[in-house]
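start-v1.tsv (TSV, C-alpha atoms)
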```tsv
chain	number	residue	atom	x	y	z
A	1	MET	CA	80.28	90.63	167.23
A	2	ARG	CA	82.61	91.40	170.11
A	3	ARG	CA	84.44	94.71	169.80
A	4	ASP	CA	87.60	95.55	171.77
A	5	GLY	CA	89.81	98.64	171.83
A	6	CYS	CA	93.50	99.12	172.58
A	7	ASP	CA	96.39	101.47	171.99
A	8	ALA	CA	98.35	98.96	169.92
A	9	LEU	CA	97.47	95.77	168.09
A	10	ILE	CA	100.45	93.53	167.36
A	11	ILE	CA	100.06	90.91	164.64
A	12	GLY	CA	102.44	88.02	165.29
A	13	GLY	CA	103.46	86.35	168.54
A	14	GLY	CA	107.10	85.57	167.83
A	15	LEU	CA	109.96	86.95	169.85
A	16	GLN	CA	109.85	90.33	168.11
A	17	GLY	CA	106.12	90.78	168.67
A	18	CYS	CA	106.26	89.72	172.31
A	19	SER	CA	109.27	91.94	172.98
A	20	ILE	CA	107.58	95.00	171.48
A	21	ALA	CA	104.40	94.18	173.40
A	22	LEU	CA	106.33	93.92	176.67
A	23	PHE	CA	107.99	97.32	176.34
A	24	LEU	CA	104.82	99.05	175.19
A	25	ALA	CA	102.86	97.62	178.11
A	26	ARG	CA	105.56	98.71	180.54
A	27	ALA	CA	105.18	102.21	179.10
A	28	GLY	CA	101.51	102.14	180.03
A	29	TRP	CA	99.97	101.24	176.66
A	30	ARG	CA	97.01	98.87	176.33
A	31	VAL	CA	98.30	96.15	174.01
A	32	THR	CA	96.60	93.22	172.29
A	33	LEU	CA	98.71	90.64	170.46
A	34	VAL	CA	97.15	88.17	168.03
A	35	GLU	CA	98.91	85.06	166.76
A	36	LYS	CA	97.40	82.81	164.08
A	37	HIS	CA	99.23	79.74	165.43
A	38	LEU	CA	101.01	79.50	168.80
A	39	ALA	CA	103.34	82.19	170.13
A	40	GLY	CA	106.96	81.34	169.28
A	41	ARG	CA	105.90	78.44	167.06
A	42	HIS	CA	107.99	79.36	164.03
A	43	ALA	CA	111.43	81.00	163.65
A	44	SER	CA	111.56	82.41	167.18
A	45	GLY	CA	111.41	79.10	169.00
A	46	VAL	CA	113.18	76.71	166.62
A	47	ASN	CA	116.40	78.52	165.69
A	48	ALA	CA	119.88	77.79	167.01
A	49	GLY	CA	119.65	80.42	169.75
A	50	GLY	CA	122.78	82.24	168.66
A	51	LEU	CA	123.67	85.42	170.56
A	52	ARG	CA	125.91	86.65	167.78
A	53	SER	CA	127.39	89.94	166.76
A	54	LEU	CA	130.02	88.12	164.66
A	55	MET	CA	129.76	88.70	160.89
A	56	ARG	CA	126.64	90.85	161.12
A	57	ASP	CA	125.82	93.51	158.58
A	58	PHE	CA	127.41	96.66	160.00
A	59	ARG	CA	123.98	98.35	159.96
A	60	GLU	CA	122.82	95.94	162.65
A	61	TYR	CA	125.68	96.57	165.05
A	62	PRO	CA	124.13	99.38	167.16
A	63	LEU	CA	121.07	97.21	167.78
A	64	SER	CA	123.19	94.10	168.32
A	65	LEU	CA	125.42	95.76	170.90
A	66	ARG	CA	122.43	97.04	172.84
A	67	ALA	CA	120.80	93.61	172.60
A	68	MET	CA	123.90	91.97	174.04
A	69	GLU	CA	123.66	94.23	177.09
A	70	MET	CA	120.03	93.24	177.48
A	71	TRP	CA	120.70	89.51	177.21
A	72	ALA	CA	123.37	89.90	179.88
A	73	GLY	CA	120.77	91.51	182.18
A	74	LEU	CA	117.81	89.44	181.00
A	75	ALA	CA	116.37	89.05	184.49
A	76	ASP	CA	115.55	92.77	184.51
A	77	PHE	CA	113.13	92.19	181.64
A	78	VAL	CA	111.65	88.72	182.15
A	79	GLY	CA	112.38	87.93	185.81
A	80	GLU	CA	114.99	85.79	187.53
A	81	GLU	CA	113.35	82.40	187.10
A	82	ALA	CA	112.51	82.87	183.42
A	83	ALA	CA	115.96	84.28	182.69
A	84	GLU	CA	117.59	81.23	184.27
A	85	ALA	CA	115.47	78.95	182.08
A	86	CYS	CA	116.72	80.82	178.99
A	87	GLU	CA	120.22	79.38	179.62
A	88	VAL	CA	122.00	82.50	178.43
A	89	GLN	CA	125.69	81.82	177.89
A	90	LEU	CA	127.71	84.88	176.95
A	91	GLY	CA	131.47	85.08	176.70
A	92	THR	CA	131.80	81.55	175.30
A	93	SER	CA	132.47	83.25	171.91
A	94	GLN	CA	131.49	82.54	168.34
A	95	ILE	CA	134.15	81.62	165.78
A	96	ALA	CA	133.99	81.80	162.00
A	97	LEU	CA	136.34	79.20	160.51
A	98	ALA	CA	138.60	79.88	157.54
A	99	MET	CA	139.16	76.49	155.96
A	100	ASP	CA	141.09	77.65	152.87
A	101	PRO	CA	143.26	80.59	151.76
A	102	ALA	CA	140.35	82.43	150.11
A	103	GLU	CA	138.30	82.36	153.31
A	104	LEU	CA	141.29	83.53	155.35
A	105	GLU	CA	141.85	86.41	152.94
A	106	TRP	CA	138.17	87.36	153.31
A	107	CYS	CA	138.54	87.33	157.12
A	108	GLU	CA	141.54	89.65	156.97
A	109	ALA	CA	139.69	92.07	154.69
A	110	ARG	CA	136.60	91.95	156.89
A	111	ALA	CA	138.63	92.69	160.03
A	112	ARG	CA	140.21	95.73	158.36
A	113	THR	CA	136.84	97.02	157.18
A	114	MET	CA	135.23	96.62	160.59
A	115	ARG	CA	138.10	98.41	162.32
A	116	ARG	CA	137.67	101.32	159.91
A	117	ARG	CA	134.03	101.44	160.96
A	118	GLY	CA	135.07	101.53	164.62
A	119	ILE	CA	133.83	98.00	165.36
A	120	VAL	CA	136.47	96.09	167.29
A	121	SER	CA	134.47	93.11	168.59
A	122	GLU	CA	135.60	90.92	165.68
A	123	GLU	CA	139.23	89.77	165.88
A	124	LEU	CA	141.38	87.63	163.66
A	125	ILE	CA	142.26	84.40	165.41
A	126	ALA	CA	145.54	82.65	164.71
A	127	PRO	CA	145.75	78.89	164.09
A	128	ASP	CA	147.39	78.10	167.45
A	129	GLU	CA	144.61	79.71	169.49
A	130	LEU	CA	141.98	78.37	167.14
A	131	HIS	CA	143.07	74.77	167.68
A	132	ARG	CA	143.37	75.32	171.44
A	133	LEU	CA	139.77	76.55	171.64
A	134	LEU	CA	138.44	73.88	169.27
A	135	PRO	CA	139.95	70.47	170.08
A	136	GLY	CA	139.54	68.02	167.23
A	137	LEU	CA	139.52	70.73	164.58
A	138	ALA	CA	141.00	69.64	161.27
A	139	ARG	CA	144.63	70.71	160.85
A	140	SER	CA	143.69	72.29	157.53
A	141	ALA	CA	141.88	75.14	159.33
A	142	ARG	CA	143.80	78.35	158.61
A	143	GLY	CA	142.38	80.72	161.24
A	144	GLY	CA	139.27	82.86	161.20
A	145	LEU	CA	137.36	85.50	163.09
A	146	ILE	CA	136.29	85.44	166.73
A	147	SER	CA	133.82	87.54	168.70
A	148	ARG	CA	134.64	86.75	172.30
A	149	ARG	CA	131.53	88.20	173.96
A	150	ASP	CA	129.13	86.17	171.82
A	151	GLY	CA	127.35	83.03	172.95
A	152	HIS	CA	123.97	81.35	172.83
A	153	ALA	CA	120.68	80.79	174.64
A	154	ASN	CA	117.72	78.42	174.62
A	155	PRO	CA	115.39	79.80	171.90
A	156	ALA	CA	112.18	78.00	172.89
A	157	ASN	CA	112.51	79.06	176.52
A	158	ALA	CA	113.41	82.61	175.51
A	159	ALA	CA	110.31	82.92	173.34
A	160	ARG	CA	108.24	81.61	176.25
A	161	ALA	CA	109.92	83.99	178.70
A	162	PHE	CA	109.15	87.10	176.66
A	163	ARG	CA	105.58	85.95	176.08
A	164	LYS	CA	104.98	85.41	179.81
A	165	ALA	CA	106.66	88.69	180.71
A	166	ALA	CA	104.41	90.49	178.23
A	167	GLU	CA	101.32	88.88	179.75
A	168	SER	CA	102.48	89.80	183.25
A	169	ALA	CA	102.86	93.42	182.07
A	170	GLY	CA	99.21	93.41	180.99
A	171	VAL	CA	99.37	92.38	177.32
A	172	ARG	CA	96.36	90.42	176.11
A	173	ILE	CA	97.58	87.55	173.91
A	174	LEU	CA	95.14	85.76	171.61
A	175	GLU	CA	96.53	82.56	170.07
A	176	LYS	CA	95.02	80.64	167.14
A	177	CYS	CA	93.51	83.95	166.17
A	178	ALA	CA	93.96	85.04	162.55
A	179	VAL	CA	93.40	88.55	161.23
A	180	ARG	CA	90.75	88.27	158.51
A	181	ASP	CA	90.60	91.92	157.52
A	182	LEU	CA	92.52	95.06	158.42
A	183	SER	CA	91.43	98.59	157.57
A	184	GLN	CA	91.87	102.19	158.66
A	185	ARG	CA	88.92	103.83	160.42
A	186	PRO	CA	87.60	107.05	158.89
A	187	ALA	CA	88.10	108.85	162.22
A	188	GLY	CA	91.65	107.51	162.62
A	189	GLY	CA	93.16	104.34	163.99
A	190	TRP	CA	92.60	100.79	162.79
A	191	ARG	CA	89.97	98.10	162.75
A	192	ALA	CA	90.93	94.41	162.59
A	193	ASP	CA	88.39	91.66	162.07
A	194	THR	CA	89.82	88.57	163.73
A	195	ASP	CA	88.75	85.09	164.78
A	196	ALA	CA	88.17	86.56	168.24
A	197	GLY	CA	86.01	89.43	166.99
A	198	THR	CA	86.66	93.03	166.02
A	199	ILE	CA	89.65	94.79	167.56
A	200	GLU	CA	90.06	98.54	167.24
A	201	ALA	CA	93.49	100.04	167.85
A	202	GLU	CA	95.20	103.36	167.48
A	203	ARG	CA	98.24	101.66	165.97
A	204	VAL	CA	99.02	98.33	164.34
A	205	ILE	CA	102.44	96.64	164.37
A	206	ASN	CA	102.98	93.97	161.74
A	207	CYS	CA	105.30	91.36	163.28
A	208	ALA	CA	103.93	88.52	161.18
A	209	GLY	CA	107.33	87.06	160.24
A	210	ALA	CA	107.08	84.88	157.13
A	211	TRP	CA	103.54	86.23	156.65
A	212	GLY	CA	104.62	89.89	156.97
A	213	SER	CA	104.43	90.60	153.26
A	214	GLU	CA	100.93	89.16	153.10
A	215	ILE	CA	99.79	91.79	155.61
A	216	THR	CA	101.37	94.60	153.60
A	217	ALA	CA	99.92	93.30	150.32
A	218	ARG	CA	96.39	93.48	151.72
A	219	LEU	CA	96.97	97.19	152.25
A	220	GLY	CA	98.51	97.90	148.86
A	221	GLU	CA	102.07	98.14	150.17
A	222	THR	CA	104.82	96.03	148.60
A	223	LEU	CA	107.54	94.78	150.94
A	224	PRO	CA	108.81	91.58	149.34
A	225	ILE	CA	110.51	88.80	151.22
A	226	LYS	CA	111.69	85.35	150.22
A	227	ILE	CA	110.06	82.63	152.31
A	228	THR	CA	112.63	80.20	153.69
A	229	ALA	CA	112.58	77.12	155.90
A	230	LEU	CA	115.95	76.99	157.62
A	231	SER	CA	116.86	73.48	158.77
A	232	MET	CA	118.44	72.24	161.97
A	233	MET	CA	119.54	68.85	163.24
A	234	VAL	CA	120.68	67.49	166.56
A	235	THR	CA	123.01	64.55	167.17
A	236	ALA	CA	123.31	61.97	169.87
A	237	ARG	CA	125.24	63.06	172.94
A	238	VAL	CA	129.01	63.07	172.80
A	239	LYS	CA	131.62	63.91	175.40
A	240	PRO	CA	131.83	67.71	175.87
A	241	PHE	CA	134.70	69.11	173.82
A	242	ILE	CA	133.89	72.72	172.76
A	243	THR	CA	132.22	75.77	174.25
A	244	PRO	CA	132.29	78.30	171.35
A	245	VAL	CA	129.65	78.34	168.63
A	246	VAL	CA	131.32	77.50	165.30
A	247	ILE	CA	130.10	78.94	161.99
A	248	GLY	CA	131.28	78.71	158.42
A	249	ILE	CA	132.20	81.46	156.01
A	250	ASP	CA	131.54	79.91	152.61
A	251	GLN	CA	130.72	76.50	154.05
A	252	PRO	CA	127.21	75.49	155.30
A	253	LEU	CA	128.55	75.12	158.82
A	254	SER	CA	127.02	76.19	162.11
A	255	PHE	CA	127.02	74.21	165.30
A	256	LYS	CA	127.27	74.32	169.05
A	257	GLN	CA	127.42	71.70	171.76
A	258	SER	CA	124.54	71.72	174.20
A	259	ALA	CA	124.84	71.34	177.95
A	260	VAL	CA	123.93	67.65	177.68
A	261	GLY	CA	126.54	66.99	174.96
A	262	SER	CA	124.46	66.82	171.79
A	263	LEU	CA	125.50	68.90	168.78
A	264	VAL	CA	122.97	71.34	167.37
A	265	ILE	CA	123.83	71.82	163.69
A	266	GLY	CA	122.51	74.37	161.20
A	267	GLY	CA	124.37	76.05	158.38
A	268	GLY	CA	121.62	77.75	156.42
A	269	ILE	CA	120.35	74.60	154.72
A	270	LEU	CA	116.91	75.22	153.27
A	271	GLY	CA	113.95	72.94	153.79
A	272	LYS	CA	110.58	73.12	152.02
A	273	PRO	CA	108.35	75.98	153.19
A	274	CYS	CA	104.58	75.49	153.06
A	275	LEU	CA	103.34	78.94	154.01
A	276	ASP	CA	99.66	78.35	153.33
A	277	GLU	CA	99.65	75.33	155.63
A	278	GLY	CA	101.75	77.11	158.25
A	279	THR	CA	104.44	74.46	158.26
A	280	SER	CA	107.70	73.36	156.63
A	281	PHE	CA	109.66	70.19	156.03
A	282	THR	CA	113.26	69.07	156.09
A	283	VAL	CA	114.70	68.03	152.73
A	284	MET	CA	117.07	65.32	153.84
A	285	ASP	CA	119.18	65.31	150.65
A	286	ARG	CA	120.15	68.91	151.37
A	287	MET	CA	121.19	68.15	154.95
A	288	VAL	CA	124.11	66.10	153.64
A	289	SER	CA	126.08	69.24	152.80
A	290	SER	CA	125.75	70.56	156.35
A	291	ALA	CA	126.83	67.23	157.82
A	292	ALA	CA	129.75	67.06	155.37
A	293	ALA	CA	130.92	70.58	156.31
A	294	THR	CA	130.82	69.61	159.99
A	295	ILE	CA	132.84	66.45	159.40
A	296	ASN	CA	135.30	68.34	157.20
A	297	ALA	CA	135.97	70.69	160.08
A	298	PHE	CA	135.85	68.05	162.82
A	299	PRO	CA	136.72	64.64	161.33
A	300	GLY	CA	136.24	62.86	164.65
A	301	LEU	CA	132.49	63.46	164.51
A	302	ALA	CA	132.04	61.24	161.45
A	303	GLY	CA	130.36	58.43	163.36
A	304	VAL	CA	128.00	60.50	165.49
A	305	PRO	CA	124.35	59.77	164.58
A	306	VAL	CA	121.76	62.45	163.87
A	307	VAL	CA	118.65	61.83	165.97
A	308	ARG	CA	116.29	64.66	164.97
A	309	THR	CA	115.79	67.36	162.34
A	310	TRP	CA	113.39	70.30	162.09
A	311	THR	CA	112.71	73.51	160.21
A	312	GLY	CA	111.17	76.91	160.92
A	313	LEU	CA	109.52	79.41	158.60
A	314	GLU	CA	111.26	82.75	158.13
A	315	GLY	CA	111.29	85.67	155.68
A	316	ALA	CA	114.40	87.12	154.06
A	317	THR	CA	114.71	90.57	152.49
A	318	ALA	CA	116.69	91.33	149.34
A	319	ASP	CA	119.42	93.23	151.20
A	320	GLY	CA	119.75	90.90	154.17
A	321	ILE	CA	118.45	93.13	156.96
A	322	PRO	CA	114.90	93.43	158.32
A	323	PHE	CA	112.13	95.91	157.71
A	324	ILE	CA	111.63	97.91	160.91
A	325	GLY	CA	109.72	101.16	160.79
A	326	PRO	CA	106.52	102.99	159.97
A	327	SER	CA	104.64	102.27	156.77
A	328	ARG	CA	105.30	104.73	153.98
A	329	LEU	CA	101.62	104.60	152.95
A	330	HIS	CA	99.53	104.31	156.11
A	331	SER	CA	99.63	106.33	159.32
A	332	GLY	CA	99.64	104.38	162.55
A	333	LEU	CA	101.06	101.23	160.91
A	334	TRP	CA	104.52	99.78	161.57
A	335	HIS	CA	106.27	96.81	159.97
A	336	VAL	CA	108.76	94.64	161.87
A	337	PHE	CA	109.65	91.51	159.91
A	338	GLY	CA	112.14	89.99	157.45
A	339	PHE	CA	114.93	89.13	159.90
A	340	CYS	CA	116.64	86.73	157.47
A	341	GLY	CA	117.21	84.02	160.07
A	342	HIS	CA	119.31	86.13	162.44
A	343	GLY	CA	116.78	88.14	164.44
A	344	PHE	CA	116.88	86.12	167.68
A	345	GLN	CA	119.74	88.05	169.26
A	346	LEU	CA	118.33	91.42	168.18
A	347	ALA	CA	114.85	90.92	169.62
A	348	PRO	CA	115.16	92.66	173.02
A	349	ALA	CA	116.75	95.74	171.47
A	350	VAL	CA	114.19	95.78	168.66
A	351	GLY	CA	111.37	95.65	171.19
A	352	GLU	CA	112.86	98.46	173.23
A	353	ALA	CA	113.64	100.70	170.23
A	354	VAL	CA	110.27	100.22	168.52
A	355	ALA	CA	108.40	100.89	171.77
A	356	GLN	CA	110.46	104.01	172.49
A	357	SER	CA	109.78	105.28	168.97
A	358	LEU	CA	106.03	104.73	169.23
A	359	VAL	CA	105.70	106.22	172.71
A	360	SER	CA	107.84	109.29	171.99
A	361	GLY	CA	106.81	109.82	168.39
A	362	VAL	CA	110.51	110.12	167.46
A	363	LEU	CA	112.27	107.34	165.56
A	364	ASN	CA	115.01	105.69	167.59
A	365	PRO	CA	118.25	106.28	165.60
A	366	ARG	CA	119.18	102.60	165.88
A	367	LEU	CA	116.23	101.84	163.60
A	368	ALA	CA	117.11	104.29	160.82
A	369	PRO	CA	118.96	101.73	158.60
A	370	PHE	CA	115.90	99.46	158.49
A	371	ALA	CA	113.40	101.92	157.02
A	372	VAL	CA	110.75	100.10	155.02
A	373	ASP	CA	111.20	102.43	152.04
A	374	ARG	CA	114.99	102.08	151.82
A	375	MET	CA	114.99	99.93	148.68
A	376	HIS	CA	112.28	102.03	147.08
A	377	GLN	CA	114.39	105.12	147.72
A	378	GLN	CA	117.50	103.39	146.42
A	379	ARG	CA	115.77	102.50	143.14
A	380	LYS	CA	114.54	106.07	142.86
A	381	ASP	CA	118.06	107.42	143.38
A	382	GLU	CA	119.46	105.04	140.77
A	383	VAL	CA	117.31	106.54	137.99
A	384	LEU	CA	118.11	110.14	138.81
A	385	PRO	CA	120.58	111.84	136.41
```

Take the structure in the file and write it out as structure tokens.
Amino acid sequence: MRRDGCDALIIGGGLQGCSIALFLARAGWRVTLVEKHLAGRHASGVNAGGLRSLMRDFREYPLSLRAMEMWAGLADFVGEEAAEACEVQLGTSQIALAMDPAELEWCEARARTMRRRGIVSEELIAPDELHRLLPGLARSARGGLISRRDGHANPANAARAFRKAAESAGVRILEKCAVRDLSQRPAGGWRADTDAGTIEAERVINCAGAWGSEITARLGETLPIKITALSMMVTARVKPFITPVVIGIDQPLSFKQSAVGSLVIGGGILGKPCLDEGTSFTVMDRMVSSAAATINAFPGLAGVPVVRTWTGLEGATADGIPFIGPSRLHSGLWHVFGFCGHGFQLAPAVGEAVAQSLVSGVLNPRLAPFAVDRMHQQRKDEVLP
């Protein structure tokens, strides 16, 4: 059997895995990345492409702010041509709509809380400005929150750009290559038996996304996630009328208008995940609520036909933020998964911070909130007298 050695083996070829691989390779590490399907096939390449700091968990803000700087200078990381293909649009803003008094009250409380935390990127937006920025918005809209620097990008092209940049930096990427067995070597480091043969590595980074918990379970480590299949749909082209990305607060609303005029609509509607088969399906009955929320906000879109729907597999943690950090049981093993459907924007900063931590041996402080033992420690603290 073929036997290969490297400094780091990354399991999972999504945006997180490719980003980490890129920064490790640029630091001089020998990196092999294995992907059981195709790189970027799942959540990384089929999401809405939101570059959003708006309404994030405050623990994610340091990473999100750094990531926004990196998206703005994307050419420095993936090259000019690839960056152009990613269609990064920043400064078009993202807006969270308050469609009733309760949602507006929540927005006001959120704005106060964020200011107390020193985060000023989220602003309350008054009805007059809201309706100016969003022509056709229902008059019932009360206001909301706006993050003016936010925007969006092309997710499929971004996943491809980071993959190609990683390869150009020297990363060996093996697609359609599953990890059959993973074990620690008696002398240190790791041994992975894969479809491409045996790979020995000093460190392993679990970026397996929806399959992340399966990797940990094989090694006796419990990091539970809920498997989801977030759904998207795209409409026929309509005349351009908005540039911000619009999201709901309590409503299943999320949409943007593409450069060609079609509306890309999400809203957190769940499809049917089929993890063992590596696929997922849209549940059309559930999509009605997303379409209804869109029409409630923009009544003029009632007659626009939906032309395509899709889903992507993702994992969600119990507290809504990812696992990023070293294993609490095994030396030389890191876990980076469970991004809850909002990891796209964070990916460049995650890659940079994880690589810096591994190379230096010192945890990047931006990663501290995502420790893999945080919930274990919380449960332990709860039972102390």

>> What does the structure give for the distance between CA of Arg56 in chain A and CA of Phe255 in chain A, in Å to one decimal?
In response: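 Going from CA of Arg56 in chain A over to CA of Phe255 in chain A covers 17.2 Å.
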
> Got a sec to check which residues sit within 12 Å of (121.2, 97.5, 161.6), counting only C-alpha atoms, and write them as a count of residues only?
Replying inline: 34

>> When you look at range 82-95 of chain A with a cut-off of 8 Å (counting all atoms listed in the file), what residues show up, excluding the ones that are within fewer than 5 positions of it in the same chain? I need them as a list of chain:residue names.
In response: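 My list of contacting residues is A:Leu51, A:Arg52, A:Leu54, A:Trp71, A:Ala72, A:Leu74, A:Ala75, A:Gly144, A:Leu145, A:Ile146, A:Ser147, A:Arg148, A:Arg149, A:Asp150, A:Gly151, A:His152, A:Ala153, A:Asn154, A:Pro155, A:Asn157, A:Ala158, A:Ala161, A:Thr243, A:Pro244, A:Val245, A:Val246, A:Ile247.
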
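Across the structure, CA of Gly267 in chain A and CA of Gln251 in chain A are spaced 7.7 Å apart.
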
>> Would you pick out the contacts of Cys18 in chain A at 6 Å or less, using all atoms listed in the file, so that residues sharing its chain but fewer than 5 positions from it are not included, and give the list as an NGL selection string?
In response: :A and (13 or 162-163)

> Which one is closest to Ala217 in chain A: A:Ser357, A:Glu202, A:Leu182, A:Ala8? Count all atoms listed in the file.
Replying inline: A:Leu182

>> Between CA of Glu277 in chain A and CA of Val179 in chain A, what is the distance in Å, rounded to a tenth?
In response: 15.7 Å

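Minimum atom-to-atom distance to Thr32 in chain A, evaluated using all atoms listed in the file, belongs to A:Ile10 out of A:Ile269, A:Ala293, A:Val46, A:Ile10.
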
>> Let me make sure I understand: among A:Val283, A:Ala229, A:Val204, A:Ala48, which one has the smallest atom-to-atom distance to Leu263 in chain A if we use only C-alpha atoms?
In response: A:Ala48

Complete range 314-332 of chain A with N, CA and C atoms (output as a CSV table (one decimal), in the coordinates of the input).
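Saved to result_18.csv:
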```csv
chain,number,residue,atom,x,y,z
A,314,GLU,N,110.7,81.4,158.0
A,314,GLU,CA,111.3,82.8,158.1
A,314,GLU,C,111.2,83.5,156.8
A,315,GLY,N,111.3,84.8,156.9
A,315,GLY,CA,111.3,85.7,155.7
A,315,GLY,C,112.6,86.4,155.5
A,316,ALA,N,113.1,86.5,154.3
A,316,ALA,CA,114.4,87.1,154.1
A,316,ALA,C,114.2,88.3,153.1
A,317,THR,N,114.8,89.4,153.4
A,317,THR,CA,114.7,90.6,152.5
A,317,THR,C,115.8,90.5,151.4
A,318,ALA,N,115.7,91.3,150.4
A,318,ALA,CA,116.7,91.3,149.3
A,318,ALA,C,118.1,91.8,149.8
A,319,ASP,N,118.1,92.7,150.8
A,319,ASP,CA,119.4,93.2,151.2
A,319,ASP,C,119.9,92.7,152.5
A,320,GLY,N,119.2,91.6,153.0
A,320,GLY,CA,119.8,90.9,154.2
A,320,GLY,C,119.5,91.5,155.5
A,321,ILE,N,118.8,92.6,155.7
A,321,ILE,CA,118.4,93.1,157.0
A,321,ILE,C,116.9,93.3,157.0
A,322,PRO,N,116.4,93.4,158.2
A,322,PRO,CA,114.9,93.4,158.3
A,322,PRO,C,114.3,94.8,158.0
A,323,PHE,N,112.9,94.7,157.8
A,323,PHE,CA,112.1,95.9,157.7
A,323,PHE,C,111.7,96.3,159.1
A,324,ILE,N,112.1,97.4,159.6
A,324,ILE,CA,111.6,97.9,160.9
A,324,ILE,C,111.3,99.4,160.8
A,325,GLY,N,110.1,99.7,160.9
A,325,GLY,CA,109.7,101.2,160.8
A,325,GLY,C,108.3,101.4,160.4
A,326,PRO,N,107.9,102.7,160.4
A,326,PRO,CA,106.5,103.0,160.0
A,326,PRO,C,106.3,102.8,158.5
A,327,SER,N,105.1,102.4,158.2
A,327,SER,CA,104.6,102.3,156.8
A,327,SER,C,104.8,103.6,156.0
A,328,ARG,N,105.2,103.5,154.8
A,328,ARG,CA,105.3,104.7,154.0
A,328,ARG,C,104.0,105.1,153.4
A,329,LEU,N,102.9,104.3,153.5
A,329,LEU,CA,101.6,104.6,153.0
A,329,LEU,C,100.5,104.9,154.0
A,330,HIS,N,100.6,104.3,155.2
A,330,HIS,CA,99.5,104.3,156.1
A,330,HIS,C,100.0,104.8,157.5
A,331,SER,N,99.3,105.8,158.0
A,331,SER,CA,99.6,106.3,159.3
A,331,SER,C,99.2,105.3,160.4
A,332,GLY,N,100.0,105.3,161.4
A,332,GLY,CA,99.6,104.4,162.6
A,332,GLY,C,100.0,102.9,162.3
```
